[in-house]
Amino acid sequence: MNGPRPIKHKTGIRRKITLLICLTSFLILAIAIACGYFWGFNLLRNTIGKERVQDARILAQAIERIINAELEDLRVHLSSPFWQEAVLNANLKYKDMSEEEMKISFSEMDRQWKDPARYGLLIKPYLDSPLSLSLKNLVQADQRVLEIILTDKHGGLVAASGEASGFFHADATWWKKAFMQGKGDDFVSGIEADGASGKPSVGIASPLRDSAGNLIGICREAIDLNSFFAPLENIGLGKTGHAVLLDDNNRIIFHPGGAPLSSNFCSEADFQKLMQSRLGWSVIKEAHIHKGGLFSAFSELKHPLLSKAGLRWYVSVDQEVEEVFAPLNTLMLQMFSLAGIMIMIVIPTGFLFSGVFVKPIKKLHEATEEVIKGNLDYEVRIRTGDELEQLSDSFNYMIATIKGEQKEIREGRDKLQELAAGLEEKVKERTRELEQSKEATLNLLEDLQETKEAITADKLKMEAMMASMLEGIIMFDAQGQLVMLNASAKRLFGFPAETEVNMDMLSNKSAILNLGLLLKKYGYKKSSFVEEITVPKGNESLVLLCQVAQVKDAASKVIGLVVVLRDITQEKEIDRMKTEFVSTVSHELRTPLSITKEGLSIVLDRITGEINEKQERILATSRDNIDRLSRIIDDLLDISKIEAGRIELKRELVNINKLVNQLASSFELKTKAKGIELKIALPEQETELYIDKDRTTQVFTNLLGNAIKFTEKGYIEIAVYDKGSQIECAVADTGVGISKEDLPLVFNKFQQFGRVAGPGEKGTGLGLSIVKNIVEMHKGRIWIDSEVGKGTKFSFVLPKYSAEELFKEYVSAGMKEAVKKSVKMTLVLVSIQDFDKLRQKLSTEQIRGILEDMETVLNRTLRKERDMVIKDTGEIIVILAECDKENAVRVKARLQEVLNEYLSTSRIAEKISLHFGCSVFPDEAGSEEDLIQKAKSSCSLTG
Amino acid sequence: MIKKKILFIEDEPDQVMMIQIRLEASGLEMICASDGQEGLLKAKKENPDLILLDLLLPKMNGYEVCKELKQDSLTRKIPIIIITGSGTKDIEEKCLAAGADACIKKPYDSKELVARIKSLLGAT
């Protein structure tokens, strides 16, 4: 027994599980941190961005509100009559002055105004005027306003809140814009330092009008820019947050806290980025007013006065990037700390957890080792409630099974030992029994010997009898094996007398093979049958009549076959000679008949000169009788052939309706000439059956001929009834009828009734006999109903052959013929591919047309002896007698050619493909079924 | 009008006589041969317009003569009517297989024979 294989634990399950848990946790944490950072960053940026943009907007709106409020205040003051009166008075001063004088006066005043020495004299009275004092009060009351100046309509100073920079203001841009060539309009000027305080300010100029609305002066107010940023205090911007006023050229207009004015706010690239930012905010890498990055949000000041003055100003709210993203950094720090804590927790947990899995496995391991040591009573207890518990249960069960089996083996071994002990005793006993039976057998053998002798005597008698018989006798057992063959049989088959003939020798002889074939075919099915077989003997051949009969035991079970062979070669020869004789005689008879008839005809046709009426009548009667003699010869020949069994029916698929119609039209002339009506009654459904067309026509022709001959008035009726498995035909007339006594004689040879003298076709007396023979050859039946003076009705039935039956009959006949003549026979099969589909597409008429055409084509091509069957399964089978394989292949190729040519020229729209196959007897198959099967299997598609 | 020439191959002189009278009465010229070989020779030499052929002949039978005539390029186009003694259907088929254009059974109807001859002559 092998010990447990030592396994070096590289990594234990416990460590593996711990590692797995840790790896999984780390992965999750890493993903969580990455996501948290990314999302947090974006969220923060967007939130702060939005907030800052909001702040900038609030600031911008506040500034817009300040401008509006100041403008509103100014308008209120401008409408006061006190101001208007003062300005109107000032204007009166220049009432009578010309333009030139006014200019001189203004420049003089301005020069003096700027001269410090003139202050007390000139400026003070202006500044101390009640209006100036009121202006001063206004400035003091509003901290946002730095200065207010009032001028008349020519630009001359009327009053000022403080020391004005000059007297004449009409040259200043703000004055011109507010004056608007006397129309007057509000105007906001750009940034400027206030004259008195030096503080940066924005100026607002507004026109002063009298009560009639005429412009009488201009007022200007300077607003402290610092006041613009006062609302900033309400917005928390953090430590580094501040606001800047920018123009659209990246220039700082104002920066509370004092960056130099007109300096650039940031790099051009950053500015473009800021301006184009959809969100209204951007991170500026390089701000000129601050080292390092700035988070900047902006909003445009949208005041109508500013846009009118062509000023585009922006409020930018900025904060250092570090400060903005400080919360994010805090968050990251917190996340990493959390991760650290989690790892600290996960590692020991995993380690402890894995222990739970490993413990039962260890237990199992221990149990296995115990079992290996041989301790089968060891039991594993694992109650984890999972697969491990199942495993432990299975393990326990396995151990229990092994234990049981070991016990059985031990018991078996004990039993074997016991048996071995008993066996010796039994052998001795059996030996004794055998001794006894041996004695009994010897006695029995003696008895048998006696019986055998008796049987041998019988057998010898039998053999002597068989040997002396002229007929050949062959016996086969139930399996078709040869049992006995007598001396005559050996002689007939051409075996030397002393040869011991066995089954193989029989099979090797081709003729015998055919006997075997016959046996195989019929022997065990029919109780007896007779068959003629041909056996080669030297250069000639023997015809043997072969009578086969079954041998049955007492229980009627077939135990073998006995074949009696009789040499009928001579009889056959005599038969053949007889037929040949008849045929020669008929030919030899016909030549003189022909000469005589021609001679009579020549005279009758006046070729040799005129004849009188009496001579003509005599000669004509002679000629009619020559024809009659000729018919008798025909009929005699026919009947001798039929009776000798030399005529074989050529069955083909015949449409009986068509046949009868054709017959009716060919007899119509004769009936009309006699004034008799010819009626036909046919089945509604066109009926087809396999019959010999020419012979059947002969039957109808003979019956109709008789009917016409014996009917003077009334009608003749041809009727056909479809009776399922057979058809019944009848030819009825309203003629003279036949008496009861004569009825049994009608089918006899040379039996004629009611002969009539005079012109007209005379009967031969053989017609009805031939009719009967033909009907019976068709395996049919004929009978007659007649009443003297009323008429006669001949009825006959013809059984419908199935194509299969007919086909087998042909193959069988072909095979027999081939055997008889020791030649080969070929079967050619033409089959229409997908015939069932074709039948659905085309009408029955079309299908029949195709098959008939194909038959015609085949008939034209094969002029030699052949049989042909057309099956309603779309197959045509041609049996070619005396045709070997080489010929067959040639014929097949020829058939393919002509049939495909026919199909290609026919007007059928459907494509028809044909299969062609052939098989040769006896080379390729020995029985009908094999032959057919072989032909089918060799089918190949063409065209 | 030139008379059409018929070659009659037949060993029975009486029959020859009768047919000669008949054909001449019908405005046709007839020459005759009394066995198969002579028939073949005359067919090639005389170049007849039609051949009447008996089946039972000395030396060569009618089928052989017919086949030979139909295989020879000189005589291939000459129509052949076989006159048979035993006019069963299979014999007629055999005649047609041998290449004959028509088959007439003894005792023949003179009018039918002449009609056949004329129709075949008209066809060539």
# chains A, B, ... in the order shown; residues from 1 in each chain; ligands from 1
>>> interface_residues(of="chain B", to="chain A", cutoff="6 Å", atoms="only C-alpha atoms", output="short mmCIF file (atom, residue, chain, number, x, y, z; two decimals) with N, CA, C and O atoms, in the first residue's frame")
data_model
loop_
_atom_site.label_atom_id
_atom_site.label_comp_id
_atom_site.auth_asym_id
_atom_site.auth_seq_id
_atom_site.Cartn_x
_atom_site.Cartn_y
_atom_site.Cartn_z
N GLN B 15 -45.48 -15.19 -110.28
CA GLN B 15 -45.72 -13.95 -109.52
C GLN B 15 -45.14 -12.76 -110.28
O GLN B 15 -45.78 -11.71 -110.39
N GLY B 85 -44.92 -13.47 -97.20
CA GLY B 85 -45.88 -14.57 -97.27
C GLY B 85 -46.68 -14.66 -95.99
O GLY B 85 -47.89 -14.81 -96.01
N SER B 86 -45.99 -14.54 -94.86
CA SER B 86 -46.73 -14.64 -93.59
C SER B 86 -46.73 -13.27 -92.95
O SER B 86 -45.74 -12.84 -92.38
N ALA B 97 -37.54 -2.74 -89.42
CA ALA B 97 -36.25 -2.61 -88.74
C ALA B 97 -35.11 -2.80 -89.73
O ALA B 97 -34.04 -2.21 -89.57
N LYS B 106 -49.03 -11.05 -98.59
CA LYS B 106 -49.69 -11.86 -99.63
C LYS B 106 -50.93 -12.50 -99.04
O LYS B 106 -50.88 -12.94 -97.89
N PRO B 107 -52.02 -12.70 -99.73
CA PRO B 107 -52.23 -12.17 -101.07
C PRO B 107 -52.59 -10.69 -100.98
O PRO B 107 -53.53 -10.32 -100.30
#
>>> select_by_dssp(residues="chain B", states="strand (DSSP E)", output="PyMOL selection string")
chain B and resi 5-9+29-33+50-54+80-84+102-105
>>> residues_around(residues="Gly190 in chain A", least_positions_apart="2", cutoff="7 Å", atoms="only C-alpha atoms", output="number ranges by chain")
A: 188, 192, 202-203
>>> atom_distance(atom1="CA of Lys176 in chain A", atom2="CA of Phe254 in chain A")
25.2 Å
>>> residues_around(residues="Ala681 in chain A", least_positions_apart="5", cutoff="12 Å", atoms="only C-alpha atoms", output="number ranges by chain")
A: 656-657, 660-661, 664, 716-722, 728-732
>>> residues_around(residues="Lys3 in chain B", least_positions_apart="3", cutoff="9 Å", atoms="only C-alpha atoms", output="compact mmCIF listing (two decimals) with N, CA, C and O atoms, in the first residue's frame")
# COMPACT_ATOMS: atom_id res chain seq x y z
N GLY B 27 -48.65 1.91 -115.95
CA GLY B 27 -47.73 2.89 -116.54
C GLY B 27 -46.35 2.87 -115.92
O GLY B 27 -45.68 3.90 -115.83
N LEU B 28 -45.90 1.72 -115.43
CA LEU B 28 -44.58 1.64 -114.82
C LEU B 28 -43.75 0.60 -115.57
O LEU B 28 -44.30 -0.34 -116.14
N GLU B 29 -42.41 0.79 -115.53
CA GLU B 29 -41.53 -0.18 -116.16
C GLU B 29 -41.02 -1.12 -115.09
O GLU B 29 -40.76 -0.70 -113.97
>>> residues_around(residues="Ser26 in chain B", least_positions_apart="3", cutoff="12 Å", atoms="only C-alpha atoms", output="ChimeraX atom specification")
/A:602,605,607 /B:3-6,19-23,29-30,110-111,113-115,117-118
>>> residues_around(residues="Ile83 in chain B", least_positions_apart="5", cutoff="7 Å", atoms="only C-alpha atoms", output="ChimeraX atom specification")
/B:53-55,103-106
>>> select_by_dssp(residues="range 13-229 of chain A", states="helix (DSSP H, G or I)", output="MDAnalysis selection string")
chainID A and resid 13:78 81:93 99:114 116:128 130:141 173:182 225:228
